[in-house]
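Next comes query-v2.txt, with compact mmCIF, C-alpha atoms and all ligand atoms.
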```
# COMPACT_ATOMS: atom_id res chain seq x y z
CA ALA S 1 -30.66 -150.18 24.16
CA VAL S 2 -31.67 -153.76 24.75
CA VAL S 3 -35.24 -154.76 23.91
CA GLY S 4 -37.29 -157.90 24.40
CA ALA S 5 -35.72 -158.74 27.81
CA THR S 6 -38.93 -160.36 29.02
CA GLY S 7 -39.45 -160.49 32.79
CA LEU S 8 -36.43 -158.30 33.51
CA THR S 9 -38.34 -155.68 35.48
CA SER S 10 -39.55 -158.29 37.96
CA LYS S 11 -35.98 -159.56 38.47
CA VAL S 12 -34.33 -156.23 39.23
CA SER S 13 -35.37 -153.47 41.57
CA GLY S 14 -34.33 -149.95 42.53
CA GLY S 15 -30.75 -149.73 43.74
CA ASP S 16 -29.53 -152.88 41.91
CA SER S 17 -26.50 -152.52 39.66
CA ILE S 18 -27.00 -153.50 36.05
CA ILE S 19 -24.91 -153.31 32.91
CA ILE S 20 -26.75 -152.77 29.65
CA ASP S 21 -24.68 -153.97 26.72
CA GLY S 22 -26.57 -152.86 23.63
CA THR S 23 -23.93 -154.20 21.27
CA ARG S 24 -24.35 -157.79 22.42
CA GLY S 25 -27.98 -157.48 23.52
CA LEU S 26 -27.14 -158.33 27.13
CA VAL S 27 -28.39 -157.09 30.47
CA ILE S 28 -26.17 -158.18 33.35
CA SER S 29 -27.67 -157.74 36.78
CA GLU S 30 -25.41 -157.44 39.86
CA PRO S 31 -22.16 -157.92 37.89
CA ASP S 32 -19.15 -159.29 39.78
CA GLU S 33 -16.06 -157.13 40.22
CA GLN S 34 -14.22 -158.58 37.22
CA THR S 35 -17.16 -158.05 34.84
CA ARG S 36 -17.64 -154.54 36.12
CA GLN S 37 -13.99 -153.72 35.50
CA GLU S 38 -14.07 -155.22 32.01
CA TYR S 39 -17.05 -153.06 31.13
CA GLU S 40 -15.51 -149.94 32.61
CA GLN S 41 -12.43 -150.48 30.47
CA ALA S 42 -14.58 -151.16 27.42
CA GLU S 43 -16.44 -147.92 28.05
CA GLU S 44 -13.18 -145.96 28.20
CA ARG S 45 -12.02 -147.53 24.96
CA LEU S 46 -15.36 -146.66 23.34
CA ILE S 47 -15.13 -143.03 24.39
CA GLU S 48 -11.57 -142.82 23.10
CA PHE S 49 -12.61 -144.44 19.82
CA GLY S 50 -15.49 -141.95 19.60
CA HIS S 51 -13.01 -139.05 19.79
CA GLU S 52 -10.90 -140.69 17.10
CA LEU S 53 -13.97 -140.96 14.88
CA ASP S 54 -14.88 -137.30 15.38
CA GLU S 55 -11.69 -136.40 13.57
CA LEU S 56 -12.89 -138.24 10.44
CA ARG S 57 -15.87 -136.00 9.87
CA ASP S 58 -14.43 -133.92 7.07
CA LEU S 59 -12.29 -136.63 5.50
CA PRO S 60 -13.62 -138.45 2.42
CA ALA S 61 -14.91 -142.02 2.56
CA VAL S 62 -12.26 -143.45 0.25
CA THR S 63 -10.81 -146.95 0.38
CA ARG S 64 -7.06 -147.52 0.60
CA ASP S 65 -6.98 -148.22 -3.13
CA GLY S 66 -8.72 -144.95 -3.94
CA VAL S 67 -12.34 -145.96 -4.51
CA GLU S 68 -14.84 -143.37 -3.34
CA VAL S 69 -17.87 -144.47 -1.37
CA LYS S 70 -20.95 -142.37 -0.59
CA LEU S 71 -22.21 -142.37 2.99
CA LEU S 72 -25.69 -140.96 3.50
CA GLY S 73 -28.02 -140.62 6.47
CA ASN S 74 -31.44 -142.10 7.27
CA ILE S 75 -33.89 -139.74 8.95
CA GLU S 76 -37.39 -139.81 10.33
CA PHE S 77 -37.73 -136.11 11.20
CA PRO S 78 -36.49 -133.04 9.30
CA HIS S 79 -34.44 -131.80 12.27
CA GLU S 80 -32.31 -134.93 12.03
CA VAL S 81 -30.71 -133.67 8.81
CA VAL S 82 -28.36 -131.54 10.90
CA VAL S 83 -27.33 -134.57 12.98
CA CYS S 84 -26.51 -136.47 9.77
CA LEU S 85 -24.40 -133.62 8.40
CA GLU S 86 -22.58 -133.31 11.72
CA ARG S 87 -21.64 -136.98 11.46
CA GLY S 88 -20.33 -136.42 7.95
CA ALA S 89 -23.27 -137.58 5.80
CA GLN S 90 -23.12 -136.53 2.15
CA GLY S 91 -26.89 -136.31 1.91
CA ILE S 92 -30.02 -138.17 2.96
CA GLY S 93 -30.50 -141.59 1.41
CA LEU S 94 -33.77 -142.37 3.18
CA TYR S 95 -36.31 -139.97 4.63
CA ARG S 96 -39.03 -142.09 6.30
CA THR S 97 -42.06 -139.85 6.05
CA GLU S 98 -44.61 -141.92 7.97
CA PHE S 99 -43.48 -140.20 11.15
CA LEU S 100 -45.61 -137.24 10.09
CA TYR S 101 -48.45 -139.43 11.30
CA LEU S 102 -47.13 -139.26 14.84
CA ARG S 103 -48.03 -135.64 15.21
CA GLY S 104 -51.77 -135.71 15.70
CA GLU S 105 -55.00 -137.56 15.45
CA THR S 106 -55.80 -136.27 12.00
CA GLU S 107 -54.18 -137.09 8.71
CA PRO S 108 -51.41 -134.70 7.66
CA THR S 109 -52.48 -132.25 4.97
CA GLU S 110 -50.50 -131.40 1.86
CA ALA S 111 -49.34 -128.27 3.71
CA ASP S 112 -48.06 -130.40 6.63
CA HIS S 113 -46.15 -132.61 4.21
CA TYR S 114 -44.79 -129.59 2.37
CA GLU S 115 -43.56 -127.84 5.51
CA ALA S 116 -41.75 -130.93 6.78
CA TYR S 117 -40.07 -131.62 3.44
CA ARG S 118 -39.15 -127.98 2.91
CA GLU S 119 -37.41 -127.93 6.29
CA ALA S 120 -35.46 -131.09 5.44
CA VAL S 121 -34.55 -129.98 1.90
CA GLU S 122 -33.37 -126.59 3.09
CA ALA S 123 -31.32 -128.13 5.91
CA VAL S 124 -29.57 -130.53 3.55
CA GLY S 125 -28.27 -127.55 1.59
CA GLY S 126 -28.13 -128.72 -2.01
CA ARG S 127 -26.97 -132.25 -1.18
CA PRO S 128 -29.16 -135.13 -2.40
CA ILE S 129 -32.22 -136.15 -0.38
CA VAL S 130 -34.42 -139.17 -1.10
CA ILE S 131 -37.96 -138.81 0.22
CA ARG S 132 -39.69 -142.16 0.61
CA THR S 133 -43.45 -142.20 0.20
CA LEU S 134 -45.62 -143.47 3.03
CA ASP S 135 -44.73 -146.89 4.37
CA LEU S 136 -47.71 -147.10 6.72
CA GLY S 137 -49.12 -150.34 8.04
CA ALA S 138 -47.60 -153.41 9.70
CA ASP S 139 -45.04 -152.11 12.21
CA LYS S 140 -45.53 -148.44 11.32
CA TYR S 141 -48.51 -146.78 12.96
CA ALA S 142 -51.09 -149.19 11.64
CA GLN S 143 -53.45 -147.97 14.35
CA ILE S 144 -53.55 -144.47 12.86
CA THR S 145 -54.73 -145.63 9.49
CA GLY S 146 -58.00 -146.63 11.12
CA GLU S 147 -58.19 -149.83 9.12
CA GLU S 148 -59.42 -153.13 10.51
CA ARG S 149 -56.81 -155.23 12.27
CA GLU S 150 -55.19 -157.66 9.91
CA ARG S 151 -54.25 -161.21 10.72
CA ASN S 152 -50.92 -160.91 8.91
CA PRO S 153 -50.14 -157.19 8.82
CA PHE S 154 -46.68 -157.62 7.29
CA LEU S 155 -48.39 -159.40 4.40
CA GLY S 156 -51.32 -157.05 4.39
CA LEU S 157 -52.40 -153.68 3.11
CA ARG S 158 -49.19 -151.86 3.98
CA SER S 159 -46.89 -149.40 2.34
CA ILE S 160 -47.32 -148.82 -1.42
CA ARG S 161 -50.39 -151.09 -1.40
CA PHE S 162 -52.02 -148.87 1.20
CA CYS S 163 -51.13 -145.74 -0.80
CA LEU S 164 -52.48 -147.15 -4.06
CA SER S 165 -55.77 -147.92 -2.35
CA HIS S 166 -55.93 -144.43 -0.78
CA VAL S 167 -55.06 -142.35 -3.81
CA GLY S 168 -56.17 -139.04 -2.27
CA LEU S 169 -53.76 -139.41 0.62
CA PHE S 170 -51.00 -140.59 -1.71
CA LYS S 171 -51.48 -137.73 -4.12
CA ALA S 172 -51.33 -135.12 -1.34
CA GLN S 173 -47.91 -136.45 -0.40
CA LEU S 174 -46.68 -136.65 -3.99
CA ARG S 175 -47.79 -133.08 -4.65
CA ALA S 176 -45.84 -131.88 -1.61
CA ILE S 177 -42.70 -133.77 -2.69
CA LEU S 178 -43.01 -132.41 -6.22
CA ARG S 179 -43.40 -128.88 -4.90
CA VAL S 180 -40.22 -129.09 -2.80
CA SER S 181 -38.32 -130.67 -5.69
CA VAL S 182 -37.53 -127.18 -7.03
CA LEU S 183 -35.77 -126.31 -3.78
CA GLY S 184 -32.97 -128.87 -3.99
CA ASP S 185 -31.71 -132.25 -5.20
CA VAL S 186 -34.86 -134.23 -4.32
CA SER S 187 -35.74 -137.79 -5.37
CA ILE S 188 -38.84 -139.87 -4.70
CA MET S 189 -38.69 -143.47 -3.56
CA PHE S 190 -41.53 -146.01 -3.45
CA PRO S 191 -41.39 -148.67 -0.71
CA LEU S 192 -42.34 -152.35 -0.73
CA ILE S 193 -42.64 -152.79 -4.46
CA THR S 194 -43.48 -156.41 -5.25
CA LYS S 195 -44.62 -156.20 -8.86
CA LEU S 196 -44.16 -154.12 -11.96
CA THR S 197 -47.74 -152.87 -11.97
CA GLU S 198 -47.23 -151.21 -8.59
CA ILE S 199 -44.45 -148.95 -9.75
CA ARG S 200 -46.36 -148.23 -12.95
CA GLN S 201 -49.49 -147.29 -11.00
CA ALA S 202 -47.47 -145.20 -8.55
CA LYS S 203 -45.84 -143.35 -11.44
CA TRP S 204 -49.23 -142.86 -12.99
CA VAL S 205 -50.50 -141.15 -9.80
CA LEU S 206 -47.30 -139.10 -9.81
CA ALA S 207 -47.96 -138.02 -13.41
CA GLU S 208 -51.48 -136.98 -12.42
CA ALA S 209 -50.10 -134.95 -9.52
CA MET S 210 -47.73 -133.27 -11.97
CA GLU S 211 -50.58 -132.39 -14.32
CA ASP S 212 -52.59 -130.89 -11.45
CA LEU S 213 -49.65 -128.74 -10.38
CA GLU S 214 -49.13 -127.70 -13.98
CA GLU S 215 -52.75 -126.54 -14.22
CA GLU S 216 -52.44 -124.66 -10.95
CA GLY S 217 -49.23 -123.00 -12.12
CA LEU S 218 -47.21 -124.39 -9.23
CA PRO S 219 -43.54 -125.13 -9.97
CA TYR S 220 -42.06 -128.65 -9.72
CA ARG S 221 -39.37 -130.71 -11.41
CA ARG S 222 -40.74 -132.87 -14.18
CA ASP S 223 -37.47 -134.81 -14.32
CA ILE S 224 -37.52 -135.72 -10.62
CA ARG S 225 -35.73 -139.02 -10.10
CA VAL S 226 -37.95 -141.92 -9.07
CA GLY S 227 -36.55 -144.93 -7.25
CA VAL S 228 -37.84 -148.15 -5.77
CA MET S 229 -36.92 -149.99 -2.64
CA ILE S 230 -35.88 -153.56 -3.20
CA GLU S 231 -37.12 -155.21 -0.05
CA THR S 232 -39.03 -158.28 -1.14
CA PRO S 233 -37.80 -161.46 -2.84
CA SER S 234 -40.17 -160.75 -5.74
CA ALA S 235 -38.54 -157.37 -6.32
CA VAL S 236 -35.14 -159.07 -6.39
CA ALA S 237 -36.45 -161.56 -8.95
CA ILE S 238 -37.85 -158.87 -11.26
CA ALA S 239 -35.14 -156.28 -10.62
CA GLY S 240 -34.21 -156.29 -14.30
CA ALA S 241 -37.72 -155.22 -15.30
CA LEU S 242 -38.00 -152.74 -12.43
CA ALA S 243 -34.78 -151.12 -13.62
CA HIS S 244 -36.63 -150.04 -16.79
CA GLU S 245 -39.20 -148.18 -14.69
CA ALA S 246 -36.92 -146.77 -11.98
CA ASP S 247 -34.02 -144.33 -11.93
CA PHE S 248 -32.42 -146.01 -8.92
CA PHE S 249 -32.75 -148.83 -6.40
CA SER S 250 -32.28 -148.86 -2.68
CA ILE S 251 -32.02 -152.24 -0.99
CA GLY S 252 -34.10 -152.35 2.19
CA THR S 253 -32.53 -155.23 4.03
CA ASN S 254 -34.69 -154.79 7.14
CA ASP S 255 -37.69 -156.04 5.22
CA LEU S 256 -35.77 -158.13 2.71
CA ILE S 257 -34.43 -160.28 5.57
CA GLN S 258 -37.87 -160.82 7.08
CA TYR S 259 -39.55 -161.70 3.80
CA THR S 260 -36.68 -163.90 2.61
CA LEU S 261 -36.35 -165.88 5.82
CA ALA S 262 -40.05 -165.69 6.80
CA VAL S 263 -39.03 -164.17 10.12
CA ASP S 264 -41.07 -161.32 11.63
CA ARG S 265 -38.61 -158.47 12.15
CA SER S 266 -40.38 -157.33 15.32
CA ASN S 267 -40.91 -160.66 17.07
CA GLU S 268 -38.27 -161.36 19.70
CA ARG S 269 -39.24 -165.04 19.83
CA VAL S 270 -37.70 -165.55 16.41
CA ALA S 271 -35.02 -162.84 16.71
CA PRO S 272 -32.08 -165.30 16.54
CA LEU S 273 -33.32 -166.37 13.10
CA TYR S 274 -33.31 -162.80 11.81
CA THR S 275 -29.87 -162.13 10.33
CA ALA S 276 -28.33 -160.35 7.39
CA ALA S 277 -25.57 -162.98 7.41
CA ASP S 278 -27.85 -165.63 5.96
CA PRO S 279 -26.46 -166.87 2.62
CA SER S 280 -29.86 -166.31 0.94
CA VAL S 281 -29.93 -162.63 1.92
CA ILE S 282 -26.35 -162.10 0.78
CA ARG S 283 -27.05 -163.74 -2.57
CA PHE S 284 -30.08 -161.48 -3.03
CA VAL S 285 -28.00 -158.37 -2.30
CA ARG S 286 -25.39 -159.58 -4.78
CA ASP S 287 -28.05 -160.22 -7.44
CA VAL S 288 -29.60 -156.75 -7.07
CA LEU S 289 -26.22 -155.01 -7.25
CA TYR S 290 -25.34 -157.08 -10.29
CA THR S 291 -28.62 -156.23 -12.05
CA ALA S 292 -28.38 -152.52 -11.21
CA ASN S 293 -24.86 -152.44 -12.55
CA ARG S 294 -25.84 -154.29 -15.73
CA LYS S 295 -28.78 -151.94 -16.29
CA GLY S 296 -26.68 -148.90 -15.50
CA ILE S 297 -28.75 -147.58 -12.61
CA GLU S 298 -27.58 -146.53 -9.18
CA CYS S 299 -28.16 -148.81 -6.23
CA SER S 300 -27.78 -147.98 -2.56
CA LEU S 301 -28.53 -149.97 0.58
CA CYS S 302 -30.50 -148.31 3.37
CA GLY S 303 -31.36 -151.13 5.78
CA GLU S 304 -29.59 -151.51 9.12
CA MET S 305 -27.03 -153.75 7.41
CA ALA S 306 -25.46 -150.63 5.87
CA GLY S 307 -24.60 -149.26 9.31
CA ASP S 308 -23.23 -152.49 10.78
CA PRO S 309 -19.42 -152.50 10.38
CA ILE S 310 -19.36 -156.29 10.27
CA TYR S 311 -20.84 -156.13 6.77
CA THR S 312 -18.91 -153.20 5.29
CA LEU S 313 -16.13 -155.29 3.72
CA LEU S 314 -18.61 -157.76 2.29
CA LEU S 315 -20.87 -155.05 0.83
CA LEU S 316 -17.92 -153.22 -0.73
CA GLY S 317 -16.76 -156.52 -2.20
CA LEU S 318 -20.21 -157.15 -3.68
CA GLY S 319 -19.98 -153.77 -5.41
CA LEU S 320 -21.98 -151.46 -3.14
CA ARG S 321 -20.75 -147.87 -3.30
CA LYS S 322 -23.63 -146.04 -1.62
CA PHE S 323 -24.58 -146.71 1.99
CA SER S 324 -27.41 -144.99 3.86
CA MET S 325 -27.68 -145.43 7.62
CA ALA S 326 -28.58 -144.00 11.00
CA PRO S 327 -26.35 -140.95 11.48
CA ASN S 328 -24.50 -142.33 14.49
CA ALA S 329 -23.16 -145.21 12.43
CA ILE S 330 -21.56 -143.01 9.75
CA PRO S 331 -18.19 -142.24 11.41
CA GLU S 332 -17.54 -145.89 12.21
CA ILE S 333 -18.42 -147.07 8.71
CA LYS S 334 -16.21 -144.34 7.28
CA ARG S 335 -13.38 -145.60 9.45
CA VAL S 336 -13.83 -149.10 8.05
CA VAL S 337 -14.04 -147.86 4.46
CA ARG S 338 -10.82 -145.87 4.87
CA SER S 339 -9.01 -148.88 6.34
CA VAL S 340 -9.71 -151.45 3.62
CA SER S 341 -9.04 -152.00 -0.06
CA ILE S 342 -11.56 -153.08 -2.68
CA THR S 343 -9.22 -155.91 -3.71
CA HIS S 344 -9.42 -157.32 -0.19
CA ALA S 345 -13.18 -156.68 0.00
CA GLU S 346 -13.71 -158.63 -3.23
CA GLN S 347 -11.72 -161.57 -1.85
CA VAL S 348 -13.85 -161.50 1.29
CA ALA S 349 -17.09 -161.40 -0.73
CA HIS S 350 -15.90 -164.28 -2.87
CA ARG S 351 -15.20 -166.41 0.19
CA VAL S 352 -18.51 -165.50 1.83
CA LEU S 353 -20.43 -166.52 -1.28
CA GLY S 354 -18.92 -169.98 -0.92
CA MET S 355 -20.12 -170.37 2.68
CA GLU S 356 -23.26 -172.18 3.72
CA SER S 357 -24.34 -170.89 7.11
CA ASP S 358 -25.02 -167.54 8.73
CA ARG S 359 -22.88 -168.54 11.70
CA GLU S 360 -19.86 -169.31 9.54
CA ILE S 361 -20.33 -166.07 7.62
CA GLY S 362 -20.82 -163.96 10.75
CA ASN S 363 -17.74 -165.41 12.45
CA TYR S 364 -15.62 -164.97 9.35
CA LEU S 365 -16.68 -161.35 8.80
CA ARG S 366 -16.08 -160.53 12.46
CA ASP S 367 -12.60 -162.10 12.28
CA GLU S 368 -11.70 -160.19 9.12
CA LEU S 369 -12.81 -156.90 10.66
CA ARG S 370 -10.98 -157.68 13.89
CA LYS S 371 -7.75 -158.08 11.93
CA ILE S 372 -8.13 -154.60 10.48
CA LEU S 373 -9.86 -152.68 13.26
CA PRO S 374 -9.95 -154.58 16.54
CA GLN S 375 -11.44 -151.59 18.32
CA VAL S 376 -14.62 -151.77 16.19
CA VAL S 377 -15.27 -155.41 17.01
C1 LIG O 1 -35.82 -151.58 5.13
O1 LIG O 1 -36.81 -152.31 5.08
O2 LIG O 1 -34.65 -152.03 5.09
C2 LIG O 1 -35.94 -150.13 5.25
C3 LIG O 1 -34.91 -149.34 5.18
O3 LIG O 1 -37.19 -149.65 5.47
P1 LIG O 1 -37.92 -149.70 6.91
O4 LIG O 1 -36.91 -150.12 7.92
O5 LIG O 1 -38.43 -148.32 7.12
O6 LIG O 1 -38.99 -150.69 6.66
MG MG O 2 -38.76 -151.48 4.70
```

Could I get this structure in the form of structure tokens?
Ligand code: PEP
Ligand code: MG
Amino acid sequence: AVVGATGLTSKVSGGDSIIIDGTRGLVISEPDEQTRQEYEQAEERLIEFGHELDELRDLPAVTRDGVEVKLLGNIEFPHEVVVCLERGAQGIGLYRTEFLYLRGETEPTEADHYEAYREAVEAVGGRPIVIRTLDLGADKYAQITGEERERNPFLGLRSIRFCLSHVGLFKAQLRAILRVSVLGDVSIMFPLITKLTEIRQAKWVLAEAMEDLEEEGLPYRRDIRVGVMIETPSAVAIAGALAHEADFFSIGTNDLIQYTLAVDRSNERVAPLYTAADPSVIRFVRDVLYTANRKGIECSLCGEMAGDPIYTLLLLGLGLRKFSMAPNAIPEIKRVVRSVSITHAEQVAHRVLGMESDREIGNYLRDELRKILPQVV
């Protein structure tokens, strides 16, 4: 898909030929013969490459020098678990639960939460699944929360802040997650943590939910793993302290990029400024991986960056071993992982860390990938 092509519908009309190039973000109207042929050939190559990728499904994601990497899927709906497994996911690294709010006009009940999570946990069949608590507000269904419009919604009462100020709603979700925790390998993840008190308060509400379940005689796992998303510069800065409160981290680059570069992730007017290749973002990712490693806790990355093959070498070189992404990206990323060595990835990361601009970094990463897998680029 291509989005943000302002004015396009007034420039094209029924019967016109157009090419939609989602990879480059281009819409070409009335292409000439040469362009049309180039795209037809590219399409054939893509289909062929797709068949090649299908064959990777049951092969492990191991680098050429024998380092194993975990590839997980991101989902919004429970029925997407199957799609992830079909693409070779080893579990679910991010279950975005706010989509429950799409269903109706009224708030989901604990039973609604429970049913959705049960379906997902059963479908994943004993593999790990990370359920993220509500990330409502800003770009995600702010209208449903019924709150007043905010002037700066991305800096407003969103996500964990919203949950901590609506404890009843938060607790209903936590109870449902705790109740499904006995059905599989379930973890909880809190989004948009910016300070230590937030994770402490969230864990306090979780402890209360546990006590309630205990009193009601409902089973749950007391040792459920609790993680935090690292998606704000402040979380990067205090990652060392957060590591004492959390069992794992997951780097949310979609938000981390927007808060680091002060670029609204959903505003096409500043879209060219929004890039994971910015040296500041890459340094932040490096810092979080370094801290997690030093503190001995697991760290994954579940933003779109994880599913973009341009960044796979770099992320491996920075030490990332757990990637969570949209299911369709998994085969391609596995192909990259299986074609590279960690030694090479570390050299690439070292060079990138010495570079000063996103353009230089992007071009370099694209060139390196092209040398290994021209068909991906
Ligand atoms: C992120 O911010 O990178 C992320 C994975 O969360 P979301 O895209 O749902 O905000
Ligand atoms: Mg986010």

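Proximity to Ser266 (chain S) was assessed for S:Gly227, S:Ser324, S:His51, S:Pro153 counting all atoms listed in the file; the smallest distance is recorded for S:Pro153.
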
Within 10 Å of ligand MG 2 (chain O): each chain S residue with its shortest pair, only C-alpha atoms and all ligand atoms, as JSON lines:
```
{"residue": "S:Arg96", "atom": "CA", "partner": "O:MG2", "partner_atom": "MG", "distance": 9.5}
{"residue": "S:Asp135", "atom": "CA", "partner": "O:MG2", "partner_atom": "MG", "distance": 7.5}
{"residue": "S:Asp139", "atom": "CA", "partner": "O:MG2", "partner_atom": "MG", "distance": 9.8}
{"residue": "S:Lys140", "atom": "CA", "partner": "O:MG2", "partner_atom": "MG", "distance": 9.9}
{"residue": "S:Ser159", "atom": "CA", "partner": "O:MG2", "partner_atom": "MG", "distance": 8.7}
{"residue": "S:Pro191", "atom": "CA", "partner": "O:MG2", "partner_atom": "MG", "distance": 6.6}
{"residue": "S:Leu192", "atom": "CA", "partner": "O:MG2", "partner_atom": "MG", "distance": 6.6}
{"residue": "S:Met229", "atom": "CA", "partner": "O:MG2", "partner_atom": "MG", "distance": 7.7}
{"residue": "S:Ile230", "atom": "CA", "partner": "O:MG2", "partner_atom": "MG", "distance": 8.7}
{"residue": "S:Glu231", "atom": "CA", "partner": "O:MG2", "partner_atom": "MG", "distance": 6.3}
{"residue": "S:Thr232", "atom": "CA", "partner": "O:MG2", "partner_atom": "MG", "distance": 9.0}
{"residue": "S:Ile251", "atom": "CA", "partner": "O:MG2", "partner_atom": "MG", "distance": 8.9}
{"residue": "S:Gly252", "atom": "CA", "partner": "O:MG2", "partner_atom": "MG", "distance": 5.4}
{"residue": "S:Thr253", "atom": "CA", "partner": "O:MG2", "partner_atom": "MG", "distance": 7.3}
{"residue": "S:Asn254", "atom": "CA", "partner": "O:MG2", "partner_atom": "MG", "distance": 5.8}
{"residue": "S:Asp255", "atom": "CA", "partner": "O:MG2", "partner_atom": "MG", "distance": 4.7}
{"residue": "S:Leu256", "atom": "CA", "partner": "O:MG2", "partner_atom": "MG", "distance": 7.6}
{"residue": "S:Ile257", "atom": "CA", "partner": "O:MG2", "partner_atom": "MG", "distance": 9.8}
{"residue": "S:Gln258", "atom": "CA", "partner": "O:MG2", "partner_atom": "MG", "distance": 9.7}
{"residue": "S:Cys302", "atom": "CA", "partner": "O:MG2", "partner_atom": "MG", "distance": 8.9}
{"residue": "S:Gly303", "atom": "CA", "partner": "O:MG2", "partner_atom": "MG", "distance": 7.5}
```

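Nearest to Leu196 (chain S) of all the residues S:Leu174, S:Ala241, S:Leu53, S:Leu164 is S:Ala241, based on only C-alpha atoms.
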
Provide an axis-aligned box for all listed atoms of ligand LIG 1 (chain O), padding each side by 8 Å; report its centre and its edge lengths in Å to one decimal, as lines of an AutoDock Vina configuration file.
```
center_x = -36.8
center_y = -150.3
center_z = 6.5
size_x = 20.3
size_y = 20.0
size_z = 18.8
```

Residues at most 10 Å from region 124-133 of chain S, counting all atoms listed in the file, excluding those fewer than 3 positions away in the same chain, as a ChimeraX atom specification?
-> /S:72-75,78,80-82,84-85,89-98,117-121,136,159-160,163,170,173-174,177,181,183-191,225-229

May I have the protein, DNA and RNA residues with an atom at most 12 Å from (-49.7, -138.9, -11.3), counting only C-alpha atoms in the file's coordinates, returned as a list in words?
->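 Answer for this query, in the requested form: Leu164, Val167, Gly168, Phe170, Lys171, Ala172, Gln173, Leu174, Arg175, Leu178, Ile199, Arg200, Gln201, Ala202, Lys203, Trp204, Val205, Leu206, Ala207, Glu208, Ala209, Met210, Glu211, Asp212, Leu213, Glu214 and Arg222 of chain S.
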
Just write the chosen residues, C-alpha atoms, as an mmCIF file, in the coordinates of the input.
```
data_model
loop_
_atom_site.group_PDB
_atom_site.id
_atom_site.type_symbol
_atom_site.label_atom_id
_atom_site.label_comp_id
_atom_site.auth_asym_id
_atom_site.auth_seq_id
_atom_site.Cartn_x
_atom_site.Cartn_y
_atom_site.Cartn_z
ATOM 1 C CA LEU S 164 -52.480 -147.150 -4.060
ATOM 2 C CA VAL S 167 -55.060 -142.350 -3.810
ATOM 3 C CA GLY S 168 -56.170 -139.040 -2.270
ATOM 4 C CA PHE S 170 -51.000 -140.590 -1.710
ATOM 5 C CA LYS S 171 -51.480 -137.730 -4.120
ATOM 6 C CA ALA S 172 -51.330 -135.120 -1.340
ATOM 7 C CA GLN S 173 -47.910 -136.450 -0.400
ATOM 8 C CA LEU S 174 -46.680 -136.650 -3.990
ATOM 9 C CA ARG S 175 -47.790 -133.080 -4.650
ATOM 10 C CA LEU S 178 -43.010 -132.410 -6.220
ATOM 11 C CA ILE S 199 -44.450 -148.950 -9.750
ATOM 12 C CA ARG S 200 -46.360 -148.230 -12.950
ATOM 13 C CA GLN S 201 -49.490 -147.290 -11.000
ATOM 14 C CA ALA S 202 -47.470 -145.200 -8.550
ATOM 15 C CA LYS S 203 -45.840 -143.350 -11.440
ATOM 16 C CA TRP S 204 -49.230 -142.860 -12.990
ATOM 17 C CA VAL S 205 -50.500 -141.150 -9.800
ATOM 18 C CA LEU S 206 -47.300 -139.100 -9.810
ATOM 19 C CA ALA S 207 -47.960 -138.020 -13.410
ATOM 20 C CA GLU S 208 -51.480 -136.980 -12.420
ATOM 21 C CA ALA S 209 -50.100 -134.950 -9.520
ATOM 22 C CA MET S 210 -47.730 -133.270 -11.970
ATOM 23 C CA GLU S 211 -50.580 -132.390 -14.320
ATOM 24 C CA ASP S 212 -52.590 -130.890 -11.450
ATOM 25 C CA LEU S 213 -49.650 -128.740 -10.380
ATOM 26 C CA GLU S 214 -49.130 -127.700 -13.980
ATOM 27 C CA ARG S 222 -40.740 -132.870 -14.180
#
```

Would you pick out the contacts of region 35-48 of chain S at 9 Å or less, using all atoms listed in the file, so that residues sharing its chain but fewer than 4 positions from it are not included, and give the list as a PDB file with C-alpha atoms, in the coordinates of the input?
```pdb
ATOM      1  CA  ILE S  19     -24.910-153.310  32.910  1.00  0.00           C
ATOM      2  CA  ASP S  21     -24.680-153.970  26.720  1.00  0.00           C
ATOM      3  CA  PRO S  31     -22.160-157.920  37.890  1.00  0.00           C
ATOM      4  CA  GLU S  52     -10.900-140.690  17.100  1.00  0.00           C
ATOM      5  CA  LEU S  53     -13.970-140.960  14.880  1.00  0.00           C
ATOM      6  CA  GLN S 375     -11.440-151.590  18.320  1.00  0.00           C
ATOM      7  CA  VAL S 376     -14.620-151.770  16.190  1.00  0.00           C
TER       8      VAL S 376
END
```

Which of these residues is nearest to ligand LIG 1 (chain O), using only C-alpha atoms and all ligand atoms: S:Gly137, S:Pro309, S:Gly296, S:Gly66?
->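 Smallest separation from ligand LIG 1 (chain O) among the options: S:Gly137.
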
Excluding same-chain residues fewer than 6 positions from Asp65 (chain S), what lies within 9 Å of it counting all atoms listed in the file, as a PDB file with C-alpha atoms, in the coordinates of the input?
```pdb
ATOM      1  CA  VAL S 340      -9.710-151.450   3.620  1.00  0.00           C
ATOM      2  CA  SER S 341      -9.040-152.000  -0.060  1.00  0.00           C
ATOM      3  CA  ILE S 342     -11.560-153.080  -2.680  1.00  0.00           C
ATOM      4  CA  THR S 343      -9.220-155.910  -3.710  1.00  0.00           C
TER       5      THR S 343
END
```

So, counting all atoms listed in the file, which residue among S:Ile330, S:Ile224, S:Leu313, S:Ala235 is closest to Arg370 (chain S)?
->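 Once distances to Arg370 (chain S) are computed over all atoms listed in the file, the minimum belongs to S:Leu313.
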
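Using only C-alpha atoms, the nearest neighbour of Pro219 (chain S) within the list S:Ser165, S:Leu100, S:Val180, S:Ile193 is S:Val180.
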
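Between Phe284 (chain S) and the residues S:Gln34, S:Ser234, S:Asn267, S:Asn328, the shortest atom-to-atom distance, using all atoms listed in the file, involves S:Ser234.
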
d(CA of Phe162 (chain S), CA of Ser280 (chain S)) in Å = 28.2 Å

Excluding same-chain residues fewer than 6 positions from Leu353 (chain S), what lies within 8 Å of it counting only C-alpha atoms, as a ChimeraX atom specification?
-> /S:279,282-283
